[in-house]
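Chemist: Please find upload-v4.cif (mmCIF, C-alpha atoms) on the next line:
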data_entry
#
loop_
_atom_site.group_PDB
_atom_site.id
_atom_site.type_symbol
_atom_site.label_atom_id
_atom_site.label_comp_id
_atom_site.auth_asym_id
_atom_site.auth_seq_id
_atom_site.Cartn_x
_atom_site.Cartn_y
_atom_site.Cartn_z
ATOM 1 C CA MET A 14 -4.082 6.038 -3.501
ATOM 2 C CA ARG A 15 -5.631 9.326 -4.600
ATOM 3 C CA ALA A 16 -6.293 7.913 -8.074
ATOM 4 C CA ALA A 17 -8.158 4.982 -6.492
ATOM 5 C CA GLU A 18 -10.175 7.184 -4.137
ATOM 6 C CA ASN A 19 -11.096 9.615 -6.913
ATOM 7 C CA ARG A 20 -12.739 6.677 -8.667
ATOM 8 C CA GLY A 21 -14.742 5.582 -5.644
ATOM 9 C CA VAL A 22 -12.463 2.987 -4.052
ATOM 10 C CA LEU A 23 -12.499 3.151 -0.261
ATOM 11 C CA VAL A 24 -8.968 2.661 1.089
ATOM 12 C CA VAL A 25 -8.404 2.020 4.801
ATOM 13 C CA PHE A 26 -5.611 0.815 7.082
ATOM 14 C CA SER A 27 -5.988 -2.305 9.176
ATOM 15 C CA ALA A 28 -4.249 -2.690 12.491
ATOM 16 C CA PRO A 29 -0.683 -3.935 11.854
ATOM 17 C CA ALA A 30 -0.997 -7.691 11.472
ATOM 18 C CA SER A 31 0.980 -10.632 10.117
ATOM 19 C CA ALA A 32 3.404 -9.437 7.466
ATOM 20 C CA SER A 33 2.362 -12.406 5.292
ATOM 21 C CA VAL A 34 -0.845 -10.560 4.306
ATOM 22 C CA ASP A 35 0.028 -7.198 2.796
ATOM 23 C CA ALA A 36 -3.457 -6.188 1.651
ATOM 24 C CA TYR A 37 -6.837 -7.495 0.575
ATOM 25 C CA SER A 38 -9.868 -6.136 -1.250
ATOM 26 C CA PHE A 39 -13.562 -6.850 -1.638
ATOM 27 C CA GLU A 40 -16.701 -5.442 -3.205
ATOM 28 C CA GLY A 41 -18.675 -3.647 -0.505
ATOM 29 C CA MET A 42 -22.398 -2.972 -0.637
ATOM 30 C CA SER A 43 -21.906 0.466 -2.195
ATOM 31 C CA ARG A 44 -18.263 0.646 -3.290
ATOM 32 C CA PRO A 45 -15.076 -1.447 -3.548
ATOM 33 C CA VAL A 46 -12.793 -1.529 -0.514
ATOM 34 C CA VAL A 47 -9.033 -2.036 -0.201
ATOM 35 C CA VAL A 48 -7.600 -2.798 3.252
ATOM 36 C CA LEU A 49 -3.855 -2.149 3.644
ATOM 37 C CA ASN A 50 -1.669 -3.754 6.298
ATOM 38 C CA PRO A 51 0.897 -1.114 7.378
ATOM 39 C CA ALA A 52 3.110 -3.568 9.283
ATOM 40 C CA LYS A 53 6.111 -3.120 6.984
ATOM 41 C CA ARG A 54 5.809 0.705 6.930
ATOM 42 C CA ASP A 55 7.055 0.669 3.335
ATOM 43 C CA TYR A 56 5.904 3.459 0.985
ATOM 44 C CA TYR A 57 6.977 1.595 -2.160
ATOM 45 C CA ARG A 58 5.514 -1.742 -1.100
ATOM 46 C CA GLN A 59 2.221 -0.103 -0.139
ATOM 47 C CA ARG A 60 1.833 1.524 -3.569
ATOM 48 C CA PHE A 61 2.405 -1.786 -5.309
ATOM 49 C CA ASP A 62 0.046 -3.574 -2.913
ATOM 50 C CA LEU A 63 -2.703 -1.066 -3.666
ATOM 51 C CA ALA A 64 -2.181 -1.357 -7.423
ATOM 52 C CA HIS A 65 -2.230 -5.160 -7.047
ATOM 53 C CA GLU A 66 -5.585 -4.997 -5.253
ATOM 54 C CA LEU A 67 -6.971 -2.688 -7.936
ATOM 55 C CA GLY A 68 -6.066 -5.426 -10.401
ATOM 56 C CA HIS A 69 -8.115 -7.918 -8.402
ATOM 57 C CA LEU A 70 -11.087 -5.527 -8.266
ATOM 58 C CA VAL A 71 -10.944 -4.980 -12.036
ATOM 59 C CA MET A 72 -10.330 -8.575 -13.120
ATOM 60 C CA HIS A 73 -11.216 -11.047 -10.378
ATOM 61 C CA THR A 74 -14.529 -10.202 -8.766
ATOM 62 C CA ASP A 75 -15.750 -13.783 -9.257
ATOM 63 C CA ALA A 76 -12.410 -15.601 -9.016
ATOM 64 C CA GLU A 77 -11.314 -17.905 -6.234
ATOM 65 C CA PRO A 78 -8.830 -15.896 -4.153
ATOM 66 C CA GLY A 79 -5.259 -16.971 -3.542
ATOM 67 C CA SER A 80 -4.461 -18.940 -6.696
ATOM 68 C CA ALA A 81 -1.025 -18.438 -8.243
ATOM 69 C CA LYS A 82 -2.597 -17.553 -11.584
ATOM 70 C CA ILE A 83 -4.746 -14.671 -10.383
ATOM 71 C CA GLU A 84 -2.000 -13.377 -8.085
ATOM 72 C CA SER A 85 0.376 -13.292 -11.057
ATOM 73 C CA GLN A 86 -2.229 -11.461 -13.118
ATOM 74 C CA ALA A 87 -2.703 -8.866 -10.368
ATOM 75 C CA ASP A 88 1.066 -8.373 -10.153
ATOM 76 C CA ARG A 89 1.251 -7.825 -13.910
ATOM 77 C CA PHE A 90 -1.603 -5.331 -13.693
ATOM 78 C CA ALA A 91 0.180 -3.452 -10.888
ATOM 79 C CA ALA A 92 3.447 -3.380 -12.817
ATOM 80 C CA GLU A 93 1.796 -1.952 -15.933
ATOM 81 C CA PHE A 94 -0.295 0.471 -13.872
ATOM 82 C CA LEU A 95 2.729 1.895 -12.017
ATOM 83 C CA MET A 96 5.357 1.405 -14.747
ATOM 84 C CA PRO A 97 3.649 1.597 -18.164
ATOM 85 C CA ARG A 98 5.629 -0.187 -20.861
ATOM 86 C CA ASP A 99 5.530 2.665 -23.350
ATOM 87 C CA GLN A 100 6.835 5.174 -20.782
ATOM 88 C CA ILE A 101 9.467 3.252 -18.832
ATOM 89 C CA SER A 102 10.860 0.650 -21.206
ATOM 90 C CA GLU A 103 13.553 2.829 -22.762
ATOM 91 C CA LEU A 104 14.602 4.121 -19.321
ATOM 92 C CA LEU A 105 15.350 0.710 -17.805
ATOM 93 C CA PRO A 106 19.023 -0.297 -17.733
ATOM 94 C CA THR A 107 20.081 -3.548 -19.370
ATOM 95 C CA LYS A 108 22.651 -4.077 -16.605
ATOM 96 C CA ALA A 109 22.567 -3.655 -12.840
ATOM 97 C CA ASP A 110 23.165 0.080 -12.873
ATOM 98 C CA TRP A 111 22.170 0.703 -9.251
ATOM 99 C CA GLY A 112 22.521 4.481 -9.530
ATOM 100 C CA GLN A 113 20.047 4.548 -12.418
ATOM 101 C CA PHE A 114 17.707 2.134 -10.668
ATOM 102 C CA GLN A 115 17.775 4.320 -7.542
ATOM 103 C CA ARG A 116 16.867 7.395 -9.605
ATOM 104 C CA LEU A 117 14.022 5.498 -11.283
ATOM 105 C CA LYS A 118 12.822 4.283 -7.887
ATOM 106 C CA GLU A 119 12.492 7.844 -6.603
ATOM 107 C CA VAL A 120 10.782 9.139 -9.769
ATOM 108 C CA TRP A 121 8.343 6.269 -10.303
ATOM 109 C CA GLY A 122 7.604 5.437 -6.655
ATOM 110 C CA VAL A 123 8.378 1.730 -6.929
ATOM 111 C CA SER A 124 10.970 -0.506 -5.280
ATOM 112 C CA LEU A 125 14.279 -1.656 -6.739
ATOM 113 C CA GLN A 126 12.897 -5.189 -6.813
ATOM 114 C CA ALA A 127 9.834 -4.079 -8.790
ATOM 115 C CA LEU A 128 12.087 -2.286 -11.283
ATOM 116 C CA LEU A 129 14.246 -5.379 -11.710
ATOM 117 C CA TYR A 130 11.168 -7.554 -12.270
ATOM 118 C CA ARG A 131 9.850 -5.036 -14.787
ATOM 119 C CA SER A 132 13.158 -4.813 -16.623
ATOM 120 C CA ARG A 133 13.239 -8.583 -17.043
ATOM 121 C CA ALA A 134 9.551 -8.820 -17.975
ATOM 122 C CA LEU A 135 9.948 -6.221 -20.728
ATOM 123 C CA GLY A 136 13.046 -7.911 -22.117
ATOM 124 C CA GLU A 137 15.381 -5.061 -21.251
ATOM 125 C CA MET A 138 17.420 -7.235 -18.876
ATOM 126 C CA SER A 139 18.470 -10.816 -19.558
ATOM 127 C CA GLU A 140 17.543 -13.644 -17.215
ATOM 128 C CA VAL A 141 21.164 -14.145 -16.159
ATOM 129 C CA THR A 142 21.676 -10.442 -15.427
ATOM 130 C CA TYR A 143 18.415 -10.364 -13.500
ATOM 131 C CA ARG A 144 19.356 -13.351 -11.333
ATOM 132 C CA ASN A 145 22.785 -11.878 -10.582
ATOM 133 C CA ALA A 146 21.215 -8.540 -9.673
ATOM 134 C CA MET A 147 18.758 -10.217 -7.320
ATOM 135 C CA MET A 148 21.592 -12.178 -5.677
ATOM 136 C CA PHE A 149 23.516 -8.949 -5.135
ATOM 137 C CA LEU A 150 20.400 -7.270 -3.757
ATOM 138 C CA SER A 151 19.918 -10.159 -1.322
ATOM 139 C CA SER A 152 23.576 -10.103 -0.239
ATOM 140 C CA LYS A 153 23.198 -6.436 0.721
ATOM 141 C CA GLY A 154 20.054 -7.114 2.756
ATOM 142 C CA TRP A 155 18.014 -4.954 0.397
ATOM 143 C CA ARG A 156 15.152 -7.432 0.165
ATOM 144 C CA ARG A 157 14.173 -6.403 3.664
ATOM 145 C CA GLN A 158 15.209 -2.759 3.586
ATOM 146 C CA GLU A 159 16.289 -1.004 0.417
ATOM 147 C CA PRO A 160 18.758 1.909 0.476
ATOM 148 C CA GLY A 161 17.573 5.506 0.454
ATOM 149 C CA VAL A 162 15.125 7.612 2.428
ATOM 150 C CA MET A 163 11.704 6.041 2.956
ATOM 151 C CA PRO A 164 8.911 8.516 2.086
ATOM 152 C CA VAL A 165 5.884 8.841 4.356
ATOM 153 C CA LEU A 166 3.106 6.390 3.498
ATOM 154 C CA GLU A 167 0.398 7.701 1.188
ATOM 155 C CA GLN A 168 -2.643 8.578 3.257
ATOM 156 C CA PRO A 169 -6.315 7.871 2.539
ATOM 157 C CA SER A 170 -8.663 10.851 2.601
ATOM 158 C CA LEU A 171 -12.101 9.654 1.471
ATOM 159 C CA LEU A 172 -13.347 8.162 4.747
ATOM 160 C CA PRO A 173 -11.301 10.418 7.091
ATOM 161 C CA GLY A 174 -12.510 13.482 5.192
ATOM 162 C CA SER A 175 -16.123 12.366 5.440
ATOM 163 C CA VAL A 176 -15.852 11.819 9.193
ATOM 164 C CA ALA A 177 -14.058 15.150 9.656
ATOM 165 C CA LEU A 178 -16.817 16.928 7.730
ATOM 166 C CA LEU A 179 -19.476 15.372 9.975
ATOM 167 C CA GLU A 180 -17.437 16.198 13.071
ATOM 168 C CA SER A 181 -17.170 19.856 11.993
ATOM 169 C CA SER A 182 -20.961 19.874 11.707
ATOM 170 C CA GLY A 183 -21.354 18.737 15.309
ATOM 171 C CA VAL A 184 -21.630 14.987 14.856
ATOM 172 C CA ASP A 185 -19.637 13.241 17.581
ATOM 173 C CA PRO A 186 -17.312 10.468 16.331
ATOM 174 C CA TRP A 187 -18.391 8.346 19.279
ATOM 175 C CA GLU A 188 -21.959 8.510 17.984
ATOM 176 C CA LEU A 189 -20.787 7.447 14.520
ATOM 177 C CA ALA A 190 -18.921 4.493 16.026
ATOM 178 C CA GLU A 191 -21.993 3.475 17.992
ATOM 179 C CA GLU A 192 -24.267 3.732 14.961
ATOM 180 C CA SER A 193 -21.740 1.711 12.954
ATOM 181 C CA ARG A 194 -21.871 -1.034 15.609
ATOM 182 C CA VAL A 195 -18.084 -1.292 15.812
ATOM 183 C CA PRO A 196 -15.703 -0.781 18.765
ATOM 184 C CA LEU A 197 -14.405 2.774 19.043
ATOM 185 C CA ASP A 198 -10.763 1.734 18.586
ATOM 186 C CA LEU A 199 -11.575 -0.137 15.373
ATOM 187 C CA PHE A 200 -13.621 2.812 14.130
ATOM 188 C CA ARG A 201 -10.701 5.150 14.755
ATOM 189 C CA GLN A 202 -8.337 2.747 13.009
ATOM 190 C CA ILE A 203 -10.254 2.551 9.753
ATOM 191 C CA CYS A 204 -11.125 6.264 9.747
ATOM 192 C CA SER A 205 -7.555 7.431 10.300
ATOM 193 C CA ARG A 206 -5.380 9.103 7.676
ATOM 194 C CA SER A 207 -2.298 7.380 9.103
ATOM 195 C CA PRO A 208 -1.748 3.882 10.506
ATOM 196 C CA ARG A 209 -1.934 3.578 14.272
ATOM 197 C CA TYR A 210 0.882 1.447 15.649
ATOM 198 C CA ILE A 211 1.245 -0.315 18.959
ATOM 199 C CA PRO A 212 4.359 1.146 20.608
ATOM 200 C CA ASP A 213 7.278 -1.257 20.952
ATOM 201 C CA GLY A 214 6.898 -3.086 24.217
ATOM 202 C CA GLY A 215 3.550 -1.476 24.899
ATOM 203 C CA SER A 216 -0.079 -2.296 24.393
ATOM 204 C CA ASN A 217 -2.827 -0.731 22.376
ATOM 205 C CA THR A 218 -5.250 1.233 24.533
ATOM 206 C CA GLU A 219 -8.695 2.597 23.830
ATOM 207 C CA ASP A 220 -9.779 6.025 24.997
ATOM 208 C CA VAL A 221 -12.931 4.614 26.544
ATOM 209 C CA ASN A 222 -12.685 6.641 29.771
ATOM 210 C CA LEU A 223 -12.104 10.028 28.167
ATOM 211 C CA PRO A 224 -14.950 12.474 27.678
ATOM 212 C CA SER A 225 -16.229 13.118 24.195
ATOM 213 C CA GLY A 226 -14.092 15.485 22.151
ATOM 214 C CA VAL A 227 -10.923 15.174 24.250
ATOM 215 C CA VAL A 228 -9.079 12.939 21.808
ATOM 216 C CA SER A 229 -9.480 13.516 18.094
ATOM 217 C CA ILE A 230 -10.381 10.505 16.027
ATOM 218 C CA PHE A 231 -7.380 11.220 13.825
ATOM 219 C CA SER A 232 -4.728 11.503 16.538
ATOM 220 C CA ASN A 233 -1.813 9.055 16.394
ATOM 221 C CA ARG A 234 -0.338 7.826 19.655
#
Would you mind writing the file out in structure tokens?

Modeler:
Amino acid sequence: MRAAENRGVLVVFSAPASASVDAYSFEGMSRPVVVLNPAKRDYYRQRFDLAHELGHLVMHTDAEPGSAKIESQADRFAAEFLMPRDQISELLPTKADWGQFQRLKEVWGVSLQALLYRSRALGEMSEVTYRNAMMFLSSKGWRRQEPGVMPVLEQPSLLPGSVALLESSGVDPWELAEESRVPLDLFRQICSRSPRYIPDGGSNTEDVNLPSGVVSIFSNR
């Protein structure tokens, strides 16, 4: 995420939505934008999603979205971006060595599934071994939740930092939201460093009745 932001890409969180849409990107008026859906709360998935969207921004500005061909190309871009062939190839096991895959997962910041895909794509793992490994992974329920501690999601800083700088100079976030012509809750969502979740069994509420300055734009409830 920091690599993207350092090169001018604006990264923001959407409100948690359908898990079928992990992320999307578009060319804004002044800079490219990537919108991440935090519904799965998965550090490894989010990194791959962001790299995938960078692939679209680099290669597919004029392409029709959603085709299998361009999605495959973006996946290949993300895999090479996060797991460069010349750096990871000799480290990938030829068999389902789960201990080694877990160590690689923690070092490279990618999922077990991404490592398996990469191992097969680079010819380090045979098709039969790959299929058996994926069947084992599925039998353990690791497609939904892989083993190990889940790191905290990477956090955007470009837009939140800009708003914080203005706020420290006396510019009220409510005024920024009004000038942006967006609802305050949406403004807070896209300017937050962390995703804002609706509590289980609860509802999302806006701080519309609170006086200015009582609730920080970056607070998570």

Chemist: Using all atoms listed in the file, find each residue of segment 82-124 of chain A with at least one atom at most 12 Å away from an atom of segment 155-160 of chain A; report its shortest atom-to-atom pair and that distance in Å (one decimal), sort the rows by chain and rising residue number, and return the result as JSON lines.

Modeler:
{"residue": "A:Trp111", "atom": "CA", "partner": "A:Pro160", "partner_atom": "CA", "distance": 10.4}
{"residue": "A:Gly112", "atom": "CA", "partner": "A:Pro160", "partner_atom": "CA", "distance": 11.0}
{"residue": "A:Phe114", "atom": "CA", "partner": "A:Pro160", "partner_atom": "CA", "distance": 11.2}
{"residue": "A:Gln115", "atom": "CA", "partner": "A:Pro160", "partner_atom": "CA", "distance": 8.4}
{"residue": "A:Arg116", "atom": "CA", "partner": "A:Pro160", "partner_atom": "CA", "distance": 11.6}
{"residue": "A:Lys118", "atom": "CA", "partner": "A:Glu159", "partner_atom": "CA", "distance": 10.4}
{"residue": "A:Glu119", "atom": "CA", "partner": "A:Pro160", "partner_atom": "CA", "distance": 11.2}
{"residue": "A:Val123", "atom": "CA", "partner": "A:Glu159", "partner_atom": "CA", "distance": 11.1}
{"residue": "A:Ser124", "atom": "CA", "partner": "A:Glu159", "partner_atom": "CA", "distance": 7.8}

Chemist: Using atom CA of Ser33 of chain A and atom CA of Arg58 of chain A as the two end points, give the distance in Å to one decimal.

Modeler: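 Distance between the two atoms: 12.8 Å.
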
Chemist: Which residue gives the smallest distance to Ala127 of chain A among A:Ala109, A:Ala92, A:Val141, A:Ala17, with only C-alpha atoms counted?

Modeler: A:Ala92

Chemist: Of the residues A:Gln100, A:Asn50, A:Gln168, A:Ser175, which is the one nearest to Ala28 of chain A, using all atoms listed in the file?

Modeler: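 Of A:Gln100, A:Asn50, A:Gln168, A:Ser175, the one nearest Ala28 of chain A, counting all atoms listed in the file, is A:Asn50.
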
Chemist: Could you state the separation of atom CA of Ser151 of chain A and atom CA of Glu137 of chain A in Å, given to one decimal place?

Modeler: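 Atom CA of Ser151 of chain A sits 21.1 Å away from atom CA of Glu137 of chain A.
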
Chemist: Complete segment 94-130 of chain A with N, CA and C atoms (output as a tab-separated table (two decimals), in the frame of the given file).

Modeler:
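Resulting contents of part-v6.tsv:
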chain	number	residue	atom	x	y	z
A	94	PHE	N	0.38	-0.72	-14.40
A	94	PHE	CA	-0.30	0.47	-13.87
A	94	PHE	C	0.73	1.49	-13.36
A	95	LEU	N	1.74	1.00	-12.62
A	95	LEU	CA	2.73	1.90	-12.02
A	95	LEU	C	3.91	2.18	-12.94
A	96	MET	N	4.21	1.26	-13.85
A	96	MET	CA	5.36	1.40	-14.75
A	96	MET	C	4.95	1.06	-16.17
A	97	PRO	N	4.15	1.91	-16.83
A	97	PRO	CA	3.65	1.60	-18.16
A	97	PRO	C	4.78	1.31	-19.15
A	98	ARG	N	4.60	0.24	-19.92
A	98	ARG	CA	5.63	-0.19	-20.86
A	98	ARG	C	6.09	0.94	-21.78
A	99	ASP	N	5.14	1.67	-22.36
A	99	ASP	CA	5.53	2.66	-23.35
A	99	ASP	C	6.21	3.89	-22.75
A	100	GLN	N	6.19	4.03	-21.43
A	100	GLN	CA	6.84	5.17	-20.78
A	100	GLN	C	8.15	4.81	-20.11
A	101	ILE	N	8.28	3.58	-19.63
A	101	ILE	CA	9.47	3.25	-18.83
A	101	ILE	C	10.47	2.35	-19.54
A	102	SER	N	10.02	1.67	-20.59
A	102	SER	CA	10.86	0.65	-21.21
A	102	SER	C	12.24	1.17	-21.60
A	103	GLU	N	12.27	2.31	-22.28
A	103	GLU	CA	13.55	2.83	-22.76
A	103	GLU	C	14.42	3.42	-21.65
A	104	LEU	N	13.85	3.57	-20.45
A	104	LEU	CA	14.60	4.12	-19.32
A	104	LEU	C	15.27	3.04	-18.48
A	105	LEU	N	14.84	1.79	-18.64
A	105	LEU	CA	15.35	0.71	-17.80
A	105	LEU	C	16.73	0.27	-18.28
A	106	PRO	N	17.69	0.16	-17.35
A	106	PRO	CA	19.02	-0.30	-17.73
A	106	PRO	C	19.02	-1.77	-18.12
A	107	THR	N	19.93	-2.14	-19.00
A	107	THR	CA	20.08	-3.55	-19.37
A	107	THR	C	21.02	-4.26	-18.41
A	108	LYS	N	21.76	-3.51	-17.61
A	108	LYS	CA	22.65	-4.08	-16.60
A	108	LYS	C	22.26	-3.54	-15.24
A	109	ALA	N	22.90	-4.06	-14.21
A	109	ALA	CA	22.57	-3.66	-12.84
A	109	ALA	C	23.21	-2.31	-12.51
A	110	ASP	N	22.70	-1.29	-13.13
A	110	ASP	CA	23.16	0.08	-12.87
A	110	ASP	C	22.38	0.60	-11.66
A	111	TRP	N	22.92	0.41	-10.46
A	111	TRP	CA	22.17	0.70	-9.25
A	111	TRP	C	21.88	2.19	-9.09
A	112	GLY	N	22.78	3.05	-9.59
A	112	GLY	CA	22.52	4.48	-9.53
A	112	GLY	C	21.30	4.86	-10.36
A	113	GLN	N	21.20	4.28	-11.56
A	113	GLN	CA	20.05	4.55	-12.42
A	113	GLN	C	18.78	3.95	-11.83
A	114	PHE	N	18.88	2.75	-11.29
A	114	PHE	CA	17.71	2.13	-10.67
A	114	PHE	C	17.23	2.96	-9.47
A	115	GLN	N	18.16	3.50	-8.68
A	115	GLN	CA	17.77	4.32	-7.54
A	115	GLN	C	17.06	5.58	-7.99
A	116	ARG	N	17.54	6.19	-9.07
A	116	ARG	CA	16.87	7.40	-9.60
A	116	ARG	C	15.47	7.05	-10.11
A	117	LEU	N	15.34	5.92	-10.80
A	117	LEU	CA	14.02	5.50	-11.28
A	117	LEU	C	13.08	5.19	-10.12
A	118	LYS	N	13.62	4.59	-9.07
A	118	LYS	CA	12.82	4.28	-7.89
A	118	LYS	C	12.20	5.54	-7.31
A	119	GLU	N	12.98	6.60	-7.20
A	119	GLU	CA	12.49	7.84	-6.60
A	119	GLU	C	11.48	8.55	-7.51
A	120	VAL	N	11.68	8.46	-8.82
A	120	VAL	CA	10.78	9.14	-9.77
A	120	VAL	C	9.46	8.39	-9.92
A	121	TRP	N	9.53	7.06	-10.00
A	121	TRP	CA	8.34	6.27	-10.30
A	121	TRP	C	7.64	5.74	-9.05
A	122	GLY	N	8.26	5.86	-7.89
A	122	GLY	CA	7.60	5.44	-6.66
A	122	GLY	C	7.43	3.94	-6.55
A	123	VAL	N	8.41	3.19	-7.02
A	123	VAL	CA	8.38	1.73	-6.93
A	123	VAL	C	9.72	1.25	-6.39
A	124	SER	N	9.76	0.02	-5.90
A	124	SER	CA	10.97	-0.51	-5.28
A	124	SER	C	12.00	-0.93	-6.33
A	125	LEU	N	13.24	-1.12	-5.86
A	125	LEU	CA	14.28	-1.66	-6.74
A	125	LEU	C	13.89	-3.03	-7.26
A	126	GLN	N	13.30	-3.85	-6.40
A	126	GLN	CA	12.90	-5.19	-6.81
A	126	GLN	C	11.83	-5.13	-7.91
A	127	ALA	N	10.87	-4.22	-7.77
A	127	ALA	CA	9.83	-4.08	-8.79
A	127	ALA	C	10.44	-3.63	-10.12
A	128	LEU	N	11.42	-2.75	-10.06
A	128	LEU	CA	12.09	-2.29	-11.28
A	128	LEU	C	12.87	-3.41	-11.95
A	129	LEU	N	13.53	-4.24	-11.15
A	129	LEU	CA	14.25	-5.38	-11.71
A	129	LEU	C	13.29	-6.36	-12.38
A	130	TYR	N	12.19	-6.67	-11.69
A	130	TYR	CA	11.17	-7.55	-12.27
A	130	TYR	C	10.66	-6.99	-13.60
